[in-house]
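**Student:** Next comes upload_14.cif, mmCIF, C-alpha atoms and all ligand atoms:
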```cif
data_target
#
loop_
_atom_site.group_PDB
_atom_site.id
_atom_site.type_symbol
_atom_site.label_atom_id
_atom_site.label_comp_id
_atom_site.auth_asym_id
_atom_site.auth_seq_id
_atom_site.Cartn_x
_atom_site.Cartn_y
_atom_site.Cartn_z
ATOM 1 C CA MET H 5 -15.337 16.951 -17.881
ATOM 2 C CA ARG H 6 -11.897 17.270 -19.442
ATOM 3 C CA LEU H 7 -9.156 15.135 -18.032
ATOM 4 C CA ILE H 8 -5.695 13.828 -18.747
ATOM 5 C CA LEU H 9 -4.372 10.410 -17.794
ATOM 6 C CA LEU H 10 -0.647 10.397 -17.093
ATOM 7 C CA GLY H 11 1.733 7.503 -16.557
ATOM 8 C CA PRO H 12 4.379 5.449 -18.351
ATOM 9 C CA PRO H 13 3.467 3.016 -21.124
ATOM 10 C CA GLY H 14 1.730 0.020 -19.564
ATOM 11 C CA ALA H 15 0.374 1.960 -16.564
ATOM 12 C CA GLY H 16 -3.220 1.182 -17.584
ATOM 13 C CA LYS H 17 -4.245 4.538 -19.072
ATOM 14 C CA GLY H 18 -6.036 2.925 -22.023
ATOM 15 C CA THR H 19 -7.943 0.423 -19.873
ATOM 16 C CA GLN H 20 -9.031 3.079 -17.393
ATOM 17 C CA ALA H 21 -9.937 5.499 -20.172
ATOM 18 C CA GLN H 22 -12.265 2.843 -21.633
ATOM 19 C CA ARG H 23 -14.011 2.511 -18.300
ATOM 20 C CA ILE H 24 -14.479 6.283 -18.029
ATOM 21 C CA VAL H 25 -15.893 6.294 -21.579
ATOM 22 C CA GLU H 26 -18.458 3.667 -20.567
ATOM 23 C CA LYS H 27 -19.450 5.379 -17.350
ATOM 24 C CA HIS H 28 -19.409 9.022 -18.404
ATOM 25 C CA GLY H 29 -20.060 8.862 -22.136
ATOM 26 C CA ILE H 30 -17.186 11.129 -23.066
ATOM 27 C CA PRO H 31 -14.706 10.015 -25.740
ATOM 28 C CA GLN H 32 -11.163 8.741 -25.214
ATOM 29 C CA LEU H 33 -8.699 10.707 -27.296
ATOM 30 C CA SER H 34 -5.661 8.472 -27.591
ATOM 31 C CA THR H 35 -2.992 10.043 -29.783
ATOM 32 C CA GLY H 36 -1.345 6.603 -30.026
ATOM 33 C CA ASP H 37 -4.565 5.124 -31.489
ATOM 34 C CA MET H 38 -5.021 8.098 -33.811
ATOM 35 C CA LEU H 39 -1.450 7.828 -35.048
ATOM 36 C CA ARG H 40 -1.724 4.045 -35.546
ATOM 37 C CA ALA H 41 -4.909 4.652 -37.577
ATOM 38 C CA ALA H 42 -3.012 7.200 -39.691
ATOM 39 C CA VAL H 43 -0.177 4.695 -40.234
ATOM 40 C CA THR H 44 -2.641 1.983 -41.315
ATOM 41 C CA ALA H 45 -4.440 4.402 -43.642
ATOM 42 C CA GLU H 46 -1.043 5.493 -45.026
ATOM 43 C CA THR H 47 -1.921 9.187 -44.741
ATOM 44 C CA GLU H 48 0.841 11.816 -44.943
ATOM 45 C CA VAL H 49 0.890 12.024 -41.144
ATOM 46 C CA GLY H 50 1.012 8.230 -40.928
ATOM 47 C CA LYS H 51 3.963 8.042 -43.298
ATOM 48 C CA ARG H 52 5.854 10.640 -41.264
ATOM 49 C CA ALA H 53 5.032 9.001 -37.928
ATOM 50 C CA LYS H 54 5.602 5.313 -38.693
ATOM 51 C CA ALA H 55 9.379 4.974 -38.289
ATOM 52 C CA VAL H 56 9.404 7.210 -35.210
ATOM 53 C CA MET H 57 6.698 5.128 -33.545
ATOM 54 C CA ASP H 58 8.292 1.810 -34.466
ATOM 55 C CA ALA H 59 11.486 2.985 -32.744
ATOM 56 C CA GLY H 60 9.631 3.993 -29.567
ATOM 57 C CA ASN H 61 10.404 7.691 -29.990
ATOM 58 C CA LEU H 62 7.999 10.613 -29.851
ATOM 59 C CA VAL H 63 6.276 11.977 -32.927
ATOM 60 C CA SER H 64 6.711 15.737 -33.385
ATOM 61 C CA ASP H 65 4.701 18.087 -31.185
ATOM 62 C CA GLU H 66 3.467 19.878 -34.290
ATOM 63 C CA ILE H 67 1.826 16.721 -35.688
ATOM 64 C CA VAL H 68 0.122 15.598 -32.494
ATOM 65 C CA ASN H 69 -1.022 19.093 -31.516
ATOM 66 C CA ALA H 70 -2.721 19.472 -34.902
ATOM 67 C CA ILE H 71 -4.395 16.049 -34.636
ATOM 68 C CA VAL H 72 -5.771 16.777 -31.158
ATOM 69 C CA SER H 73 -6.906 20.307 -31.948
ATOM 70 C CA GLU H 74 -8.958 18.991 -34.875
ATOM 71 C CA ARG H 75 -10.327 16.104 -32.873
ATOM 72 C CA ILE H 76 -11.630 18.186 -29.979
ATOM 73 C CA ASP H 77 -13.661 20.274 -32.411
ATOM 74 C CA GLN H 78 -15.774 17.198 -33.189
ATOM 75 C CA PRO H 79 -19.309 17.277 -31.742
ATOM 76 C CA ASP H 80 -18.788 14.205 -29.526
ATOM 77 C CA CYS H 81 -16.216 16.187 -27.509
ATOM 78 C CA ALA H 82 -18.729 18.883 -26.580
ATOM 79 C CA ASN H 83 -19.302 17.486 -23.079
ATOM 80 C CA GLY H 84 -15.670 16.643 -22.458
ATOM 81 C CA PHE H 85 -13.008 14.092 -23.264
ATOM 82 C CA ILE H 86 -10.207 11.993 -21.848
ATOM 83 C CA LEU H 87 -6.721 12.693 -23.131
ATOM 84 C CA ASP H 88 -4.794 9.411 -23.141
ATOM 85 C CA GLY H 89 -1.132 9.602 -24.113
ATOM 86 C CA TYR H 90 -1.359 13.340 -24.771
ATOM 87 C CA PRO H 91 0.119 15.760 -23.813
ATOM 88 C CA ARG H 92 3.446 13.970 -23.660
ATOM 89 C CA THR H 93 5.853 16.915 -23.634
ATOM 90 C CA LEU H 94 5.891 20.334 -21.976
ATOM 91 C CA VAL H 95 5.431 21.914 -25.416
ATOM 92 C CA GLN H 96 2.280 19.832 -25.914
ATOM 93 C CA ALA H 97 1.061 20.724 -22.419
ATOM 94 C CA ASP H 98 1.399 24.432 -23.193
ATOM 95 C CA ALA H 99 -0.256 23.883 -26.571
ATOM 96 C CA VAL H 100 -3.262 22.165 -25.046
ATOM 97 C CA GLU H 101 -3.727 25.050 -22.595
ATOM 98 C CA VAL H 102 -3.689 27.530 -25.454
ATOM 99 C CA MET H 103 -5.955 25.504 -27.742
ATOM 100 C CA LEU H 104 -8.517 24.962 -24.999
ATOM 101 C CA LYS H 105 -8.439 28.609 -23.974
ATOM 102 C CA GLN H 106 -9.070 29.637 -27.569
ATOM 103 C CA LYS H 107 -12.112 27.383 -27.582
ATOM 104 C CA GLY H 108 -13.277 28.801 -24.234
ATOM 105 C CA LEU H 109 -12.476 25.524 -22.428
ATOM 106 C CA ALA H 110 -10.141 24.345 -19.669
ATOM 107 C CA LEU H 111 -8.806 21.102 -18.238
ATOM 108 C CA ASP H 112 -10.372 19.885 -15.010
ATOM 109 C CA VAL H 113 -7.764 17.444 -13.773
ATOM 110 C CA ALA H 114 -4.631 15.469 -14.651
ATOM 111 C CA ILE H 115 -4.666 12.017 -13.054
ATOM 112 C CA GLU H 116 -1.324 10.286 -12.631
ATOM 113 C CA LEU H 117 -1.293 6.488 -12.465
ATOM 114 C CA ALA H 118 1.833 6.057 -10.324
ATOM 115 C CA VAL H 119 3.446 2.683 -11.055
ATOM 116 C CA ASP H 120 6.593 0.690 -10.478
ATOM 117 C CA ASP H 121 8.007 0.879 -13.979
ATOM 118 C CA SER H 122 10.073 -2.292 -13.569
ATOM 119 C CA ALA H 123 6.721 -4.148 -13.644
ATOM 120 C CA MET H 124 5.549 -2.381 -16.793
ATOM 121 C CA VAL H 125 7.558 -4.335 -19.322
ATOM 122 C CA GLY H 126 5.859 -7.503 -18.039
ATOM 123 C CA ARG H 127 2.440 -5.904 -18.581
ATOM 124 C CA ILE H 128 3.381 -4.832 -22.097
ATOM 125 C CA LEU H 129 4.621 -8.325 -22.995
ATOM 126 C CA HIS H 130 1.403 -9.753 -21.561
ATOM 127 C CA ARG H 131 -0.632 -7.345 -23.706
ATOM 128 C CA ALA H 132 1.302 -8.487 -26.789
ATOM 129 C CA GLU H 133 0.747 -12.139 -25.843
ATOM 130 C CA GLU H 134 -3.002 -11.584 -25.381
ATOM 131 C CA ALA H 135 -3.292 -9.851 -28.753
ATOM 132 C CA ARG H 136 -1.375 -12.687 -30.411
ATOM 133 C CA ALA H 137 -3.565 -15.339 -28.766
ATOM 134 C CA ALA H 138 -6.715 -13.494 -29.885
ATOM 135 C CA GLY H 139 -5.419 -13.358 -33.455
ATOM 136 C CA GLN H 140 -5.237 -9.551 -33.262
ATOM 137 C CA PRO H 141 -2.368 -7.491 -34.628
ATOM 138 C CA VAL H 142 0.477 -7.066 -32.145
ATOM 139 C CA ARG H 143 1.842 -3.554 -31.743
ATOM 140 C CA LYS H 144 5.325 -3.312 -33.194
ATOM 141 C CA ASP H 145 6.505 -1.302 -30.197
ATOM 142 C CA ASP H 146 5.190 -3.806 -27.605
ATOM 143 C CA ASN H 147 8.449 -5.662 -27.040
ATOM 144 C CA ALA H 148 11.112 -5.490 -24.343
ATOM 145 C CA GLU H 149 13.746 -3.746 -26.432
ATOM 146 C CA ILE H 150 11.555 -0.935 -27.758
ATOM 147 C CA TYR H 151 9.884 -0.659 -24.369
ATOM 148 C CA ALA H 152 13.186 0.523 -22.893
ATOM 149 C CA ASP H 153 13.260 3.361 -25.439
ATOM 150 C CA ARG H 154 9.615 4.251 -24.758
ATOM 151 C CA LEU H 155 10.350 4.388 -21.034
ATOM 152 C CA ARG H 156 13.369 6.634 -21.650
ATOM 153 C CA ALA H 157 11.188 8.930 -23.778
ATOM 154 C CA TYR H 158 8.670 8.955 -20.915
ATOM 155 C CA TYR H 159 11.213 10.026 -18.287
ATOM 156 C CA LYS H 160 12.892 12.533 -20.544
ATOM 157 C CA SER H 161 9.826 14.241 -21.961
ATOM 158 C CA THR H 162 6.616 13.240 -20.196
ATOM 159 C CA ALA H 163 7.426 12.788 -16.505
ATOM 160 C CA PRO H 164 8.049 16.582 -16.133
ATOM 161 C CA LEU H 165 4.314 17.034 -16.769
ATOM 162 C CA ILE H 166 3.650 15.688 -13.285
ATOM 163 C CA GLY H 167 5.357 18.764 -11.814
ATOM 164 C CA TYR H 168 3.717 20.972 -14.423
ATOM 165 C CA TYR H 169 0.183 19.949 -13.401
ATOM 166 C CA HIS H 170 1.064 19.884 -9.719
ATOM 167 C CA ALA H 171 2.148 23.524 -9.995
ATOM 168 C CA LYS H 172 -1.182 24.355 -11.621
ATOM 169 C CA GLY H 173 -3.069 22.646 -8.786
ATOM 170 C CA LYS H 174 -4.536 20.152 -11.273
ATOM 171 C CA LEU H 175 -2.630 16.978 -10.371
ATOM 172 C CA LYS H 176 -4.141 13.949 -8.631
ATOM 173 C CA SER H 177 -1.907 10.898 -8.164
ATOM 174 C CA ILE H 178 -3.216 7.429 -7.547
ATOM 175 C CA ASP H 179 -1.604 4.039 -6.993
ATOM 176 C CA GLY H 180 -1.586 2.440 -10.425
ATOM 177 C CA MET H 181 -0.225 -0.822 -8.968
ATOM 178 C CA ALA H 182 -3.542 -1.497 -7.213
ATOM 179 C CA SER H 183 -6.085 -3.777 -8.924
ATOM 180 C CA MET H 184 -7.810 -2.457 -12.035
ATOM 181 C CA ASP H 185 -11.088 -2.112 -10.133
ATOM 182 C CA GLN H 186 -9.440 -0.267 -7.261
ATOM 183 C CA VAL H 187 -7.817 2.154 -9.704
ATOM 184 C CA THR H 188 -11.192 2.687 -11.388
ATOM 185 C CA GLY H 189 -12.721 3.401 -7.965
ATOM 186 C CA GLU H 190 -10.021 5.957 -7.157
ATOM 187 C CA ILE H 191 -10.568 7.672 -10.490
ATOM 188 C CA GLU H 192 -14.315 7.787 -9.884
ATOM 189 C CA ASN H 193 -13.709 9.391 -6.475
ATOM 190 C CA ILE H 194 -11.640 12.093 -8.127
ATOM 191 C CA LEU H 195 -14.166 12.681 -10.913
ATOM 192 C CA SER H 196 -17.142 12.844 -8.592
ATOM 193 C CA ALA H 197 -15.381 15.491 -6.487
ATOM 194 C CA LEU H 198 -14.845 17.805 -9.464
HETATM 195 P P1 LIG M 1 0.823 4.971 -27.085
HETATM 196 O O1 LIG M 1 -0.224 4.161 -27.768
HETATM 197 O O2 LIG M 1 0.256 6.103 -26.292
HETATM 198 O O3 LIG M 1 1.788 4.138 -26.299
HETATM 199 O O4 LIG M 1 1.697 5.664 -28.250
HETATM 200 C C1 LIG M 1 2.404 4.883 -29.179
HETATM 201 C C2 LIG M 1 3.439 5.749 -29.874
HETATM 202 O O5 LIG M 1 2.778 6.800 -30.585
HETATM 203 C C3 LIG M 1 4.422 6.459 -28.963
HETATM 204 O O6 LIG M 1 5.518 5.647 -28.597
HETATM 205 C C4 LIG M 1 4.849 7.633 -29.835
HETATM 206 O O7 LIG M 1 5.734 7.216 -30.856
HETATM 207 C C5 LIG M 1 3.538 7.999 -30.521
HETATM 208 N N1 LIG M 1 2.764 8.988 -29.728
HETATM 209 C C6 LIG M 1 1.541 8.790 -29.148
HETATM 210 N N2 LIG M 1 1.135 9.906 -28.524
HETATM 211 C C7 LIG M 1 2.110 10.827 -28.699
HETATM 212 C C8 LIG M 1 2.286 12.169 -28.277
HETATM 213 N N3 LIG M 1 1.375 12.798 -27.525
HETATM 214 N N4 LIG M 1 3.427 12.809 -28.639
HETATM 215 C C9 LIG M 1 4.357 12.203 -29.387
HETATM 216 N N5 LIG M 1 4.275 10.935 -29.820
HETATM 217 C C10 LIG M 1 3.149 10.245 -29.484
#
```
What does this structure look like when you write it as structure tokens?
**Tutor:**
Amino acid sequence: MRLILLGPPGAGKGTQAQRIVEKHGIPQLSTGDMLRAAVTAETEVGKRAKAVMDAGNLVSDEIVNAIVSERIDQPDCANGFILDGYPRTLVQADAVEVMLKQKGLALDVAIELAVDDSAMVGRILHRAEEARAAGQPVRKDDNAEIYADRLRAYYKSTAPLIGYYHAKGKLKSIDGMASMDQVTGEIENILSAL
């Protein structure tokens, strides 16, 4: 099962991806997590990505495409994977089609978590507050000011993917404002019908 979760930052992609991981035993491939790990490890990619990420802008297609292509060659991806936060541009969407085709694979579905984005900044601030309270590191981009830039990047570059997957007959949209459990249930309905 190979699926993409789509939606603006704060829509709940990460939370839902975790639940799919637990239920279906396929890995979550979050380019945001992979890039943050590269920044922490101070790799070449991390050094190039850090300032861009801190400003809420998108890292280059070339970097993320290479990271994902390598990652899906790992044995734990053999039975499928969840793409979380990738693809995020039309160039990345085309790249993922090509890379999967070359590996003899294809995407099954792109699931859009449709949300009211005016509520998302509140969720992001809550996430930052929870991390702080738990003594965990707070993401540098989880604040109201940078969130506005992340949302702009979403509408400019990522939202067109909804039309892209619709045109391919791969899009399923669900109400991401429903409770977490309801969203999980909707996702399960989609996955069981594949
Ligand atoms: P996320 O954890 O998905 O919110 O991603 C955090 C940040 O990592 C984003 O604001 C971007 O700077 C960068 N990033 C993550 N995924 C991508 C991607 N697919 N393309 C470009 N930049 C990305």
**Student:** Around ligand LIG 1 (chain M), at most 9 Å away and counting only C-alpha atoms and all ligand atoms, which residues are there? Put them as a ChimeraX atom specification, please.
**Tutor:** /H:12-14,17-18,34-40,53-65,67-69,72,88-93,96,143,145-146,150-151,153-154,157-158
**Student:** Please write as a ChimeraX atom specification the full residue list that the PyMOL selection byres (((chain H and resi 124-129) around 9) and not hetatm) yields on this file.
**Tutor:** /H:12-15,119-123,130-134,146-148,151-152
**Student:** For CA of Asp98 in chain H and CA of Leu117 in chain H, determine how far apart the two atoms are, in Å to one decimal place.
**Tutor:**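 Rounded to one decimal, the two atoms are 21.1 Å apart.
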**Student:** Compare H:Ile115, H:Ala82, H:Ala70, H:Ile30 by their minimum atom-to-atom distance to Met103 in chain H, counting only C-alpha atoms, and give me the closest one.
**Tutor:**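 Result for the nearest residue to Met103 in chain H: H:Ala70.
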**Student:** Ranking H:Glu116, H:Glu190, H:Glu66, H:Asp77 by minimum distance to Val95 in chain H and counting all atoms listed in the file, which one comes first?
**Tutor:**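 Nearest candidate to Val95 in chain H out of H:Glu116, H:Glu190, H:Glu66, H:Asp77: H:Glu66.
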**Student:** Taking the file as shown, find all residues satisfying the PyMOL selection byres (((chain H and resi 183-189) around 10) and not hetatm) and write them as a list of chain:residue names.
**Tutor:**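 Answer for the PyMOL selection byres (((chain H and resi 183-189) around 10) and not hetatm): H:Gly16, H:Thr19, H:Gln20, H:Ala21, H:Arg23, H:Ile24, H:Leu117, H:Ile178, H:Asp179, H:Gly180, H:Met181, H:Ala182, H:Glu190, H:Ile191, H:Glu192, H:Asn193, H:Ile194, H:Leu195.
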**Student:** Record the distance separating CA of Leu175 in chain H and CA of Val25 in chain H, expressed in Å with one decimal.
**Tutor:**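 Result for CA of Leu175 in chain H versus CA of Val25 in chain H: 20.4 Å, one decimal.
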**Student:** If I take CA of Ile71 in chain H and CA of Leu104 in chain H, how far is one from the other in Å, to one decimal?
**Tutor:**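 Result for CA of Ile71 in chain H versus CA of Leu104 in chain H: 13.8 Å, one decimal.
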**Student:** At a cut-off of 10 Å, using all atoms listed in the file, what residues contact Asp80 in chain H? Leave out same-chain residues fewer than 3 positions from it and give the result as an mmCIF file with C-alpha atoms, keeping the file's coordinate frame.
**Tutor:**
```
data_model
loop_
_atom_site.group_PDB
_atom_site.id
_atom_site.type_symbol
_atom_site.label_atom_id
_atom_site.label_comp_id
_atom_site.auth_asym_id
_atom_site.auth_seq_id
_atom_site.Cartn_x
_atom_site.Cartn_y
_atom_site.Cartn_z
ATOM 1 C CA GLY H 29 -20.060 8.862 -22.136
ATOM 2 C CA ILE H 30 -17.186 11.129 -23.066
ATOM 3 C CA PRO H 31 -14.706 10.015 -25.740
ATOM 4 C CA ARG H 75 -10.327 16.104 -32.873
ATOM 5 C CA ILE H 76 -11.630 18.186 -29.979
ATOM 6 C CA ASP H 77 -13.661 20.274 -32.411
ATOM 7 C CA ASN H 83 -19.302 17.486 -23.079
ATOM 8 C CA GLY H 84 -15.670 16.643 -22.458
ATOM 9 C CA PHE H 85 -13.008 14.092 -23.264
#
```
**Student:** Around the point (-9.6, 12.1, -21.6) (coordinates from the file), which residues reach within 6 Å if we count only C-alpha atoms? Answer as an NGL selection string.
**Tutor:** :H and (7-8 or 32-33 or 85-88)
**Student:** Is it possible to add N, CA, C and O atoms to range 30-53 of chain H and hand it back as a compact mmCIF listing (two decimals), keeping the file's coordinate frame?
**Tutor:**
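rebuild.txt, written as the output of this step:
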```
# COMPACT_ATOMS: atom_id res chain seq x y z
N ILE H 30 -18.03 10.16 -22.36
CA ILE H 30 -17.19 11.13 -23.07
C ILE H 30 -16.11 10.33 -23.82
O ILE H 30 -15.73 9.25 -23.38
N PRO H 31 -15.63 10.82 -24.95
CA PRO H 31 -14.71 10.02 -25.74
C PRO H 31 -13.27 9.99 -25.19
O PRO H 31 -12.84 10.92 -24.50
N GLN H 32 -12.59 8.90 -25.54
CA GLN H 32 -11.16 8.74 -25.21
C GLN H 32 -10.38 9.23 -26.42
O GLN H 32 -10.57 8.72 -27.53
N LEU H 33 -9.53 10.22 -26.20
CA LEU H 33 -8.70 10.71 -27.30
C LEU H 33 -7.29 10.19 -27.08
O LEU H 33 -6.51 10.76 -26.32
N SER H 34 -6.99 9.07 -27.72
CA SER H 34 -5.66 8.47 -27.59
C SER H 34 -4.85 8.84 -28.82
O SER H 34 -5.17 8.42 -29.94
N THR H 35 -3.80 9.65 -28.63
CA THR H 35 -2.99 10.04 -29.78
C THR H 35 -2.30 8.82 -30.37
O THR H 35 -2.10 8.74 -31.58
N GLY H 36 -1.96 7.84 -29.51
CA GLY H 36 -1.34 6.60 -30.03
C GLY H 36 -2.29 5.90 -30.99
O GLY H 36 -1.90 5.52 -32.10
N ASP H 37 -3.58 5.77 -30.60
CA ASP H 37 -4.57 5.12 -31.49
C ASP H 37 -4.74 5.94 -32.77
O ASP H 37 -4.84 5.38 -33.86
N MET H 38 -4.81 7.26 -32.62
CA MET H 38 -5.02 8.10 -33.81
C MET H 38 -3.83 7.99 -34.77
O MET H 38 -4.01 7.90 -35.99
N LEU H 39 -2.64 7.94 -34.19
CA LEU H 39 -1.45 7.83 -35.05
C LEU H 39 -1.39 6.45 -35.71
O LEU H 39 -1.06 6.34 -36.89
N ARG H 40 -1.74 5.39 -34.95
CA ARG H 40 -1.72 4.04 -35.55
C ARG H 40 -2.75 3.97 -36.69
O ARG H 40 -2.48 3.36 -37.72
N ALA H 41 -3.90 4.64 -36.51
CA ALA H 41 -4.91 4.65 -37.58
C ALA H 41 -4.35 5.38 -38.81
O ALA H 41 -4.57 4.95 -39.95
N ALA H 42 -3.60 6.45 -38.57
CA ALA H 42 -3.01 7.20 -39.69
C ALA H 42 -1.95 6.36 -40.40
O ALA H 42 -1.83 6.40 -41.63
N VAL H 43 -1.20 5.57 -39.63
CA VAL H 43 -0.18 4.70 -40.23
C VAL H 43 -0.87 3.64 -41.10
O VAL H 43 -0.48 3.42 -42.26
N THR H 44 -1.93 3.03 -40.56
CA THR H 44 -2.64 1.98 -41.32
C THR H 44 -3.25 2.56 -42.59
O THR H 44 -3.21 1.94 -43.65
N ALA H 45 -3.80 3.78 -42.49
CA ALA H 45 -4.44 4.40 -43.64
C ALA H 45 -3.42 5.01 -44.61
O ALA H 45 -3.80 5.52 -45.67
N GLU H 46 -2.14 4.96 -44.21
CA GLU H 46 -1.04 5.49 -45.03
C GLU H 46 -1.28 6.94 -45.43
O GLU H 46 -1.05 7.34 -46.57
N THR H 47 -1.78 7.75 -44.49
CA THR H 47 -1.92 9.19 -44.74
C THR H 47 -0.53 9.83 -44.66
O THR H 47 0.44 9.19 -44.23
N GLU H 48 -0.45 11.11 -45.02
CA GLU H 48 0.84 11.82 -44.94
C GLU H 48 1.38 11.78 -43.52
O GLU H 48 2.56 11.52 -43.29
N VAL H 49 0.48 12.05 -42.55
CA VAL H 49 0.89 12.02 -41.14
C VAL H 49 1.38 10.62 -40.78
O VAL H 49 2.43 10.45 -40.16
N GLY H 50 0.64 9.61 -41.22
CA GLY H 50 1.01 8.23 -40.93
C GLY H 50 2.39 7.89 -41.48
O GLY H 50 3.20 7.25 -40.79
N LYS H 51 2.65 8.34 -42.69
CA LYS H 51 3.96 8.04 -43.30
C LYS H 51 5.08 8.70 -42.51
O LYS H 51 6.16 8.14 -42.35
N ARG H 52 4.81 9.92 -42.03
CA ARG H 52 5.85 10.64 -41.26
C ARG H 52 6.06 10.01 -39.89
O ARG H 52 7.15 10.01 -39.35
N ALA H 53 4.96 9.48 -39.32
CA ALA H 53 5.03 9.00 -37.93
C ALA H 53 5.55 7.57 -37.79
O ALA H 53 6.10 7.20 -36.75
```
